[in-house]
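Pasting my_file34.txt here (compact mmCIF, N, CA and C atoms):
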```txt
# COMPACT_ATOMS: atom_id res chain seq x y z
N MET T 1 2.78 -0.15 -17.50
CA MET T 1 2.25 -1.42 -17.91
C MET T 1 1.01 -1.80 -17.11
N ILE T 2 1.03 -1.62 -15.82
CA ILE T 2 -0.14 -1.95 -14.99
C ILE T 2 -0.97 -0.69 -14.81
N ASP T 3 -2.24 -0.78 -15.07
CA ASP T 3 -3.13 0.37 -14.96
C ASP T 3 -3.60 0.59 -13.53
N HIS T 4 -4.00 -0.48 -12.85
CA HIS T 4 -4.45 -0.36 -11.47
C HIS T 4 -4.37 -1.72 -10.79
N VAL T 5 -4.43 -1.69 -9.46
CA VAL T 5 -4.44 -2.91 -8.66
C VAL T 5 -5.54 -2.78 -7.63
N SER T 6 -5.96 -3.92 -7.08
CA SER T 6 -6.97 -3.89 -6.02
C SER T 6 -6.68 -4.99 -5.01
N VAL T 7 -7.17 -4.75 -3.79
CA VAL T 7 -7.08 -5.75 -2.72
C VAL T 7 -8.46 -5.89 -2.10
N GLY T 8 -8.72 -7.06 -1.58
CA GLY T 8 -9.96 -7.31 -0.86
C GLY T 8 -9.82 -6.88 0.59
N VAL T 9 -10.91 -6.37 1.14
CA VAL T 9 -10.94 -5.96 2.55
C VAL T 9 -12.24 -6.44 3.18
N SER T 10 -12.20 -6.71 4.46
CA SER T 10 -13.40 -7.23 5.13
C SER T 10 -14.30 -6.13 5.69
N ASN T 11 -13.75 -4.92 5.84
CA ASN T 11 -14.50 -3.80 6.38
C ASN T 11 -14.12 -2.56 5.58
N LEU T 12 -14.98 -2.14 4.67
CA LEU T 12 -14.65 -1.07 3.74
C LEU T 12 -14.40 0.25 4.45
N GLU T 13 -15.22 0.61 5.42
CA GLU T 13 -15.04 1.89 6.12
C GLU T 13 -13.70 1.94 6.85
N ARG T 14 -13.39 0.89 7.60
CA ARG T 14 -12.12 0.83 8.33
C ARG T 14 -10.93 0.91 7.37
N SER T 15 -11.00 0.14 6.30
CA SER T 15 -9.88 0.11 5.35
C SER T 15 -9.75 1.40 4.56
N ALA T 16 -10.88 2.03 4.23
CA ALA T 16 -10.82 3.31 3.52
C ALA T 16 -10.11 4.35 4.38
N LYS T 17 -10.38 4.37 5.66
CA LYS T 17 -9.70 5.30 6.57
C LYS T 17 -8.21 4.98 6.65
N PHE T 18 -7.88 3.68 6.76
CA PHE T 18 -6.49 3.26 6.81
C PHE T 18 -5.74 3.71 5.55
N TYR T 19 -6.30 3.41 4.39
CA TYR T 19 -5.61 3.74 3.15
C TYR T 19 -5.60 5.23 2.86
N GLU T 20 -6.63 5.94 3.25
CA GLU T 20 -6.62 7.39 3.06
C GLU T 20 -5.44 8.01 3.81
N THR T 21 -5.22 7.60 5.04
CA THR T 21 -4.11 8.09 5.84
C THR T 21 -2.77 7.63 5.29
N THR T 22 -2.66 6.35 5.00
CA THR T 22 -1.39 5.76 4.57
C THR T 22 -0.96 6.24 3.19
N LEU T 23 -1.87 6.24 2.24
CA LEU T 23 -1.52 6.60 0.87
C LEU T 23 -1.31 8.10 0.69
N ALA T 24 -1.84 8.91 1.59
CA ALA T 24 -1.61 10.36 1.51
C ALA T 24 -0.12 10.67 1.57
N ALA T 25 0.64 9.86 2.28
CA ALA T 25 2.09 10.07 2.38
C ALA T 25 2.78 9.93 1.03
N LEU T 26 2.13 9.25 0.09
CA LEU T 26 2.68 9.06 -1.26
C LEU T 26 1.99 9.95 -2.29
N GLY T 27 1.13 10.85 -1.82
CA GLY T 27 0.45 11.77 -2.71
C GLY T 27 -0.81 11.23 -3.34
N LEU T 28 -1.32 10.11 -2.85
CA LEU T 28 -2.57 9.55 -3.37
C LEU T 28 -3.73 9.96 -2.46
N ALA T 29 -4.89 10.19 -3.08
CA ALA T 29 -6.08 10.59 -2.33
C ALA T 29 -7.25 9.69 -2.72
N ARG T 30 -8.26 9.70 -1.87
CA ARG T 30 -9.49 8.96 -2.18
C ARG T 30 -10.21 9.72 -3.30
N LEU T 31 -10.38 9.06 -4.45
CA LEU T 31 -11.01 9.70 -5.61
C LEU T 31 -12.40 9.16 -5.90
N VAL T 32 -12.65 7.90 -5.54
CA VAL T 32 -13.94 7.27 -5.82
C VAL T 32 -14.40 6.54 -4.57
N ALA T 33 -15.64 6.74 -4.19
CA ALA T 33 -16.22 6.02 -3.06
C ALA T 33 -17.58 5.49 -3.49
N ARG T 34 -17.67 4.17 -3.55
CA ARG T 34 -18.92 3.49 -3.89
C ARG T 34 -19.28 2.56 -2.74
N PRO T 35 -20.49 2.00 -2.76
CA PRO T 35 -20.91 1.17 -1.62
C PRO T 35 -19.99 -0.02 -1.32
N ARG T 36 -19.33 -0.59 -2.33
CA ARG T 36 -18.52 -1.79 -2.09
C ARG T 36 -17.07 -1.65 -2.55
N THR T 37 -16.68 -0.45 -2.98
CA THR T 37 -15.31 -0.25 -3.46
C THR T 37 -14.89 1.20 -3.29
N THR T 38 -13.61 1.42 -3.12
CA THR T 38 -13.05 2.76 -2.99
C THR T 38 -11.77 2.80 -3.79
N GLY T 39 -11.59 3.88 -4.55
CA GLY T 39 -10.41 4.03 -5.39
C GLY T 39 -9.55 5.20 -4.97
N PHE T 40 -8.24 4.99 -4.97
CA PHE T 40 -7.26 6.00 -4.58
C PHE T 40 -6.30 6.24 -5.75
N GLY T 41 -5.83 7.47 -5.86
CA GLY T 41 -4.87 7.78 -6.90
C GLY T 41 -4.48 9.24 -6.87
N LYS T 42 -3.81 9.65 -7.94
CA LYS T 42 -3.43 11.06 -8.10
C LYS T 42 -4.39 11.73 -9.08
N ALA T 43 -4.41 11.26 -10.32
CA ALA T 43 -5.32 11.82 -11.33
C ALA T 43 -6.50 10.90 -11.60
N TYR T 44 -6.32 9.61 -11.38
CA TYR T 44 -7.37 8.61 -11.56
C TYR T 44 -7.10 7.48 -10.57
N PRO T 45 -8.10 6.66 -10.26
CA PRO T 45 -7.89 5.58 -9.28
C PRO T 45 -6.91 4.53 -9.80
N GLU T 46 -5.81 4.39 -9.09
CA GLU T 46 -4.77 3.42 -9.41
C GLU T 46 -4.76 2.25 -8.42
N PHE T 47 -5.30 2.50 -7.24
CA PHE T 47 -5.30 1.51 -6.16
C PHE T 47 -6.72 1.43 -5.62
N TRP T 48 -7.30 0.25 -5.66
CA TRP T 48 -8.69 0.03 -5.23
C TRP T 48 -8.73 -0.92 -4.04
N ILE T 49 -9.70 -0.69 -3.16
CA ILE T 49 -10.03 -1.68 -2.13
C ILE T 49 -11.47 -2.10 -2.40
N ASN T 50 -11.71 -3.40 -2.31
CA ASN T 50 -13.02 -3.97 -2.62
C ASN T 50 -13.52 -4.77 -1.43
N LEU T 51 -14.76 -4.48 -1.03
CA LEU T 51 -15.36 -5.18 0.10
C LEU T 51 -15.58 -6.65 -0.23
N ARG T 52 -15.07 -7.51 0.64
CA ARG T 52 -15.27 -8.96 0.55
C ARG T 52 -15.72 -9.41 1.93
N GLU T 53 -17.02 -9.32 2.18
CA GLU T 53 -17.56 -9.67 3.49
C GLU T 53 -17.20 -11.10 3.84
N GLY T 54 -16.82 -11.32 5.07
CA GLY T 54 -16.46 -12.65 5.53
C GLY T 54 -15.08 -13.10 5.08
N MET T 55 -14.34 -12.22 4.46
CA MET T 55 -13.00 -12.57 3.99
C MET T 55 -12.10 -12.90 5.18
N PRO T 56 -11.41 -14.03 5.15
CA PRO T 56 -10.46 -14.32 6.23
C PRO T 56 -9.23 -13.42 6.10
N ARG T 57 -8.52 -13.26 7.18
CA ARG T 57 -7.27 -12.49 7.16
C ARG T 57 -6.31 -13.11 6.14
N VAL T 58 -5.61 -12.27 5.40
CA VAL T 58 -4.65 -12.73 4.41
C VAL T 58 -3.51 -13.44 5.14
N ALA T 59 -3.18 -14.63 4.73
CA ALA T 59 -2.13 -15.42 5.38
C ALA T 59 -0.76 -14.79 5.12
N PRO T 60 0.05 -14.64 6.16
CA PRO T 60 1.38 -14.03 5.99
C PRO T 60 2.24 -14.78 4.97
N GLU T 61 2.03 -16.06 4.84
CA GLU T 61 2.85 -16.85 3.92
C GLU T 61 2.34 -16.80 2.49
N SER T 62 1.31 -15.99 2.20
CA SER T 62 0.78 -15.93 0.84
C SER T 62 1.82 -15.44 -0.16
N GLY T 63 2.74 -14.60 0.29
CA GLY T 63 3.79 -14.10 -0.59
C GLY T 63 3.36 -12.94 -1.46
N VAL T 64 2.09 -12.60 -1.45
CA VAL T 64 1.59 -11.52 -2.30
C VAL T 64 1.81 -10.18 -1.63
N HIS T 65 2.30 -9.22 -2.40
CA HIS T 65 2.35 -7.85 -1.91
C HIS T 65 2.26 -6.89 -3.09
N ILE T 66 1.88 -5.66 -2.77
CA ILE T 66 1.79 -4.61 -3.77
C ILE T 66 2.80 -3.54 -3.39
N CYS T 67 3.57 -3.11 -4.37
CA CYS T 67 4.59 -2.11 -4.14
C CYS T 67 4.21 -0.81 -4.84
N LEU T 68 4.28 0.29 -4.10
CA LEU T 68 3.95 1.61 -4.62
C LEU T 68 5.21 2.47 -4.62
N ARG T 69 5.39 3.26 -5.66
CA ARG T 69 6.60 4.09 -5.80
C ARG T 69 6.49 5.37 -4.98
N ALA T 70 7.55 5.66 -4.26
CA ALA T 70 7.68 6.91 -3.53
C ALA T 70 8.73 7.77 -4.23
N LYS T 71 8.64 9.08 -4.06
CA LYS T 71 9.62 9.97 -4.69
C LYS T 71 10.91 10.05 -3.88
N THR T 72 10.79 9.93 -2.56
CA THR T 72 11.95 10.13 -1.68
C THR T 72 11.94 9.13 -0.53
N THR T 73 13.07 9.05 0.16
CA THR T 73 13.11 8.21 1.36
C THR T 73 12.19 8.79 2.44
N ALA T 74 12.05 10.12 2.46
CA ALA T 74 11.15 10.74 3.44
C ALA T 74 9.71 10.29 3.21
N GLU T 75 9.31 10.13 1.96
CA GLU T 75 7.95 9.63 1.67
C GLU T 75 7.79 8.19 2.14
N VAL T 76 8.83 7.37 1.97
CA VAL T 76 8.77 5.99 2.45
C VAL T 76 8.62 5.98 3.96
N ASP T 77 9.40 6.80 4.64
CA ASP T 77 9.30 6.90 6.10
C ASP T 77 7.91 7.34 6.53
N ALA T 78 7.37 8.35 5.83
CA ALA T 78 6.04 8.87 6.17
C ALA T 78 4.96 7.82 5.92
N PHE T 79 5.08 7.07 4.83
CA PHE T 79 4.15 5.97 4.51
C PHE T 79 4.13 4.97 5.66
N HIS T 80 5.29 4.54 6.11
CA HIS T 80 5.40 3.55 7.18
C HIS T 80 4.78 4.09 8.47
N ALA T 81 5.14 5.32 8.85
CA ALA T 81 4.61 5.92 10.07
C ALA T 81 3.10 6.09 9.99
N ALA T 82 2.61 6.54 8.84
CA ALA T 82 1.16 6.73 8.68
C ALA T 82 0.41 5.42 8.80
N ALA T 83 0.95 4.37 8.19
CA ALA T 83 0.30 3.06 8.26
C ALA T 83 0.20 2.57 9.71
N LEU T 84 1.27 2.73 10.46
CA LEU T 84 1.26 2.28 11.85
C LEU T 84 0.27 3.10 12.68
N SER T 85 0.21 4.40 12.42
CA SER T 85 -0.71 5.25 13.19
C SER T 85 -2.16 4.98 12.82
N ALA T 86 -2.39 4.40 11.63
CA ALA T 86 -3.76 4.15 11.16
C ALA T 86 -4.23 2.72 11.43
N GLY T 87 -3.46 1.95 12.18
CA GLY T 87 -3.90 0.61 12.56
C GLY T 87 -3.24 -0.52 11.80
N GLY T 88 -2.24 -0.21 10.98
CA GLY T 88 -1.49 -1.25 10.29
C GLY T 88 -0.36 -1.76 11.15
N ALA T 89 0.38 -2.70 10.61
CA ALA T 89 1.52 -3.27 11.32
C ALA T 89 2.74 -3.23 10.42
N SER T 90 3.90 -3.09 11.03
CA SER T 90 5.14 -3.10 10.27
C SER T 90 5.46 -4.52 9.82
N ASP T 91 5.87 -4.63 8.57
CA ASP T 91 6.33 -5.91 8.03
C ASP T 91 7.73 -5.75 7.47
N GLY T 92 8.38 -4.66 7.88
CA GLY T 92 9.74 -4.33 7.46
C GLY T 92 9.94 -2.84 7.57
N ALA T 93 10.71 -2.41 8.55
CA ALA T 93 10.93 -0.99 8.80
C ALA T 93 11.62 -0.32 7.61
N PRO T 94 11.46 1.00 7.47
CA PRO T 94 12.12 1.70 6.37
C PRO T 94 13.64 1.51 6.43
N GLY T 95 14.22 1.30 5.26
CA GLY T 95 15.67 1.16 5.21
C GLY T 95 16.15 0.74 3.83
N ILE T 96 17.47 0.78 3.69
CA ILE T 96 18.12 0.37 2.44
C ILE T 96 18.05 -1.14 2.32
N ARG T 97 17.71 -1.60 1.14
CA ARG T 97 17.72 -3.03 0.81
C ARG T 97 18.72 -3.23 -0.31
N PRO T 98 19.95 -3.57 0.04
CA PRO T 98 20.95 -3.79 -1.02
C PRO T 98 20.80 -5.18 -1.63
N HIS T 99 20.77 -5.21 -2.94
CA HIS T 99 20.69 -6.48 -3.67
C HIS T 99 21.75 -6.47 -4.75
N ASP T 100 21.94 -7.59 -5.40
CA ASP T 100 23.00 -7.70 -6.40
C ASP T 100 22.79 -6.79 -7.61
N ARG T 101 21.55 -6.51 -7.98
CA ARG T 101 21.29 -5.69 -9.17
C ARG T 101 20.96 -4.24 -8.86
N VAL T 102 20.38 -3.98 -7.70
CA VAL T 102 19.89 -2.64 -7.42
C VAL T 102 19.90 -2.36 -5.92
N ARG T 103 20.05 -1.11 -5.57
CA ARG T 103 20.01 -0.68 -4.18
C ARG T 103 18.76 0.17 -4.04
N TYR T 104 17.88 -0.20 -3.12
CA TYR T 104 16.65 0.56 -2.97
C TYR T 104 16.31 0.76 -1.50
N TYR T 105 15.42 1.72 -1.25
CA TYR T 105 14.98 2.07 0.09
C TYR T 105 13.49 1.76 0.15
N ALA T 106 13.08 0.95 1.12
CA ALA T 106 11.69 0.51 1.16
C ALA T 106 11.21 0.29 2.58
N ALA T 107 9.89 0.21 2.69
CA ALA T 107 9.23 -0.15 3.94
C ALA T 107 8.03 -1.02 3.59
N PHE T 108 7.73 -1.98 4.44
CA PHE T 108 6.62 -2.89 4.24
C PHE T 108 5.66 -2.78 5.41
N VAL T 109 4.37 -2.77 5.10
CA VAL T 109 3.34 -2.77 6.14
C VAL T 109 2.26 -3.78 5.78
N THR T 110 1.46 -4.14 6.77
CA THR T 110 0.25 -4.90 6.50
C THR T 110 -0.93 -4.06 6.94
N ASP T 111 -1.99 -4.13 6.14
CA ASP T 111 -3.21 -3.40 6.47
C ASP T 111 -4.00 -4.20 7.50
N PRO T 112 -5.14 -3.72 7.97
CA PRO T 112 -5.90 -4.45 8.99
C PRO T 112 -6.36 -5.85 8.57
N ASP T 113 -6.36 -6.15 7.26
CA ASP T 113 -6.74 -7.48 6.79
C ASP T 113 -5.54 -8.36 6.47
N GLY T 114 -4.34 -7.84 6.65
CA GLY T 114 -3.14 -8.62 6.37
C GLY T 114 -2.58 -8.43 4.97
N ASN T 115 -3.19 -7.56 4.14
CA ASN T 115 -2.62 -7.27 2.83
C ASN T 115 -1.27 -6.60 3.02
N ARG T 116 -0.26 -7.05 2.28
CA ARG T 116 1.10 -6.55 2.43
C ARG T 116 1.35 -5.47 1.38
N ILE T 117 1.67 -4.27 1.85
CA ILE T 117 1.89 -3.12 0.98
C ILE T 117 3.29 -2.57 1.22
N GLU T 118 4.00 -2.28 0.15
CA GLU T 118 5.36 -1.75 0.21
C GLU T 118 5.40 -0.38 -0.43
N ALA T 119 6.27 0.49 0.09
CA ALA T 119 6.62 1.75 -0.57
C ALA T 119 8.12 1.69 -0.86
N VAL T 120 8.51 2.11 -2.06
CA VAL T 120 9.91 2.00 -2.48
C VAL T 120 10.36 3.24 -3.22
N THR T 121 11.65 3.56 -3.06
CA THR T 121 12.30 4.59 -3.86
C THR T 121 13.73 4.13 -4.11
N PHE T 122 14.36 4.74 -5.09
CA PHE T 122 15.71 4.36 -5.49
C PHE T 122 16.62 5.57 -5.33
N PRO T 123 17.16 5.77 -4.13
CA PRO T 123 17.96 6.96 -3.87
C PRO T 123 19.31 6.89 -4.60
N ALA T 124 19.83 8.07 -4.94
CA ALA T 124 21.18 8.15 -5.51
C ALA T 124 22.17 7.74 -4.43
N GLU T 125 23.23 7.15 -4.83
CA GLU T 125 24.21 6.66 -3.85
C GLU T 125 24.88 7.75 -3.09
```

Would you write out, as structure tokens, the structure that this file holds?
Amino acid sequence: MIDHVSVGVSNLERSAKFYETTLAALGLARLVARPRTTGFGKAYPEFWINLREGMPRVAPESGVHICLRAKTTAEVDAFHAAALSAGGASDGAPGIRPHDRVRYYAAFVTDPDGNRIEAVTFPAE
């Protein structure tokens, strides 16, 4: 249903490096690099970062986040570790999130601008 998503970043070079490292854990690579935007994906750009000079840090209470699908719990773990090594912060360590309708395994991180990104998979019980 959704073709692509994008987030604003205050420093394109810094964020491109962060996302290149972090998204590689999910099999996404940098596919497009333009002066004010960079696109990541597998076959086509599905996740974009767009330069917004002077952008303030995203407020933690904004409630907005983007969730990306992982194939395995190991990919979720690798996503989280890669994000932390690339200058992001943990916003929820990898683990099972049991809910009334579904059981899933996820990790949450924030990028250097405070954008909240999640990786999720649905392991068999």

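Relative to atom N of His65 in chain T, CA of Ile117 in chain T is found at 7.0 Å.
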
In terms of all atoms listed in the file, the residue from T:Pro98, T:Gly54, T:Gly63, T:Pro45 at minimal distance from Ser10 in chain T is T:Gly54

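Residue nearest Val120 in chain T, chosen from T:Glu46, T:Asp77, T:Asp100, T:Glu61 and counting only C-alpha atoms: T:Asp77.
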
- Once you count only N, CA and C atoms, which residues end up no further than 7 Å from (-6.7, -3.9, 6.3) in the file's frame, shown as a ChimeraX atom specification? /T:9-10,14-15,110-115

*May I have the residues within 8 Å of range 38-42 of chain T as a PyMOL selection string, using only C-alpha atoms and disregarding those fewer than 5 positions away in the same chain?*
chain T and resi 12+16+20+23+27-33+47-50

From the list T:Gly87, T:Pro56, T:Pro123, T:Gly95, the nearest residue to Lys17 in chain T using only N, CA and C atoms is T:Gly87

Would you place a box with edges along x, y and z of the file around all atoms of range 26-36 of chain T listed there, add 8 Å to each of its six sides, and report the centre and edge lengths in Å to one decimal, as AutoDock Vina command-line options?
```
--center_x -9.1 --center_y 5.0 --center_z -2.9 --size_x 39.6 --size_y 29.6 --size_z 22.0
```

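Across T:Val64, T:Arg97, T:Thr121, T:Arg34, the tightest approach to Val76 in chain T is made by T:Thr121 when counting only C-alpha atoms.
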
_DSSP-assigned strand (DSSP E) among chain T, expressed as an NGL selection string_ = :T and (5-9 or 29-33 or 37-41 or 45-51 or 65-69 or 89-98 or 103-110 or 116-121)

The residue from T:Ser6, T:Ser85, T:Asn11, T:Thr21 with the smallest atom-to-atom distance to Arg57 in chain T, counting only C-alpha atoms, is T:Asn11

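If you look at CA of Thr37 in chain T and atom N of Ser90 in chain T, they are 24.2 Å away from each other.
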
Counting only C-alpha atoms, the residue among T:Pro60, T:Arg101, T:Val109, T:Arg69 that lies closest to Ala82 in chain T is T:Val109

Item to check | Residue neighbourhood Phe79 in chain T, 6.5 Å, all atoms listed in the file, exclusion window fewer than 4 positions, as number ranges by chain | outcome: T: 22-23, 25-26, 74-75, 83-84

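A straight line drawn from CA of Ala119 in chain T to CA of Ala59 in chain T is 20.2 Å long.
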
- Residues at most 8 Å from Ala93 in chain T, counting only C-alpha atoms, excluding those fewer than 6 positions away in the same chain, as a ChimeraX atom specification? /T:80,106-108

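Within range 56-119 of chain T, DSSP run on the backbone puts these residues in alpha helix (DSSP H): Thr73, Ala74, Glu75, Val76, Asp77, Ala78, Phe79, His80, Ala81, Ala82, Ala83, Leu84 and Ser85 of chain T.
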
Go ahead and dump the residues you just picked, N, CA and C atoms, as a short mmCIF file (atom, residue, chain, number, x, y, z; two decimals), keeping the file's coordinate frame.
```
data_model
loop_
_atom_site.label_atom_id
_atom_site.label_comp_id
_atom_site.auth_asym_id
_atom_site.auth_seq_id
_atom_site.Cartn_x
_atom_site.Cartn_y
_atom_site.Cartn_z
N THR T 73 13.07 9.05 0.16
CA THR T 73 13.11 8.21 1.36
C THR T 73 12.19 8.79 2.44
N ALA T 74 12.05 10.12 2.46
CA ALA T 74 11.15 10.74 3.44
C ALA T 74 9.71 10.29 3.21
N GLU T 75 9.31 10.13 1.96
CA GLU T 75 7.95 9.63 1.67
C GLU T 75 7.79 8.19 2.14
N VAL T 76 8.83 7.37 1.97
CA VAL T 76 8.77 5.99 2.45
C VAL T 76 8.62 5.98 3.96
N ASP T 77 9.40 6.80 4.64
CA ASP T 77 9.30 6.90 6.10
C ASP T 77 7.91 7.34 6.53
N ALA T 78 7.37 8.35 5.83
CA ALA T 78 6.04 8.87 6.17
C ALA T 78 4.96 7.82 5.92
N PHE T 79 5.08 7.07 4.83
CA PHE T 79 4.15 5.97 4.51
C PHE T 79 4.13 4.97 5.66
N HIS T 80 5.29 4.54 6.11
CA HIS T 80 5.40 3.55 7.18
C HIS T 80 4.78 4.09 8.47
N ALA T 81 5.14 5.32 8.85
CA ALA T 81 4.61 5.92 10.07
C ALA T 81 3.10 6.09 9.99
N ALA T 82 2.61 6.54 8.84
CA ALA T 82 1.16 6.73 8.68
C ALA T 82 0.41 5.42 8.80
N ALA T 83 0.95 4.37 8.19
CA ALA T 83 0.30 3.06 8.26
C ALA T 83 0.20 2.57 9.71
N LEU T 84 1.27 2.73 10.46
CA LEU T 84 1.26 2.28 11.85
C LEU T 84 0.27 3.10 12.68
N SER T 85 0.21 4.40 12.42
CA SER T 85 -0.71 5.25 13.19
C SER T 85 -2.16 4.98 12.82
#
```
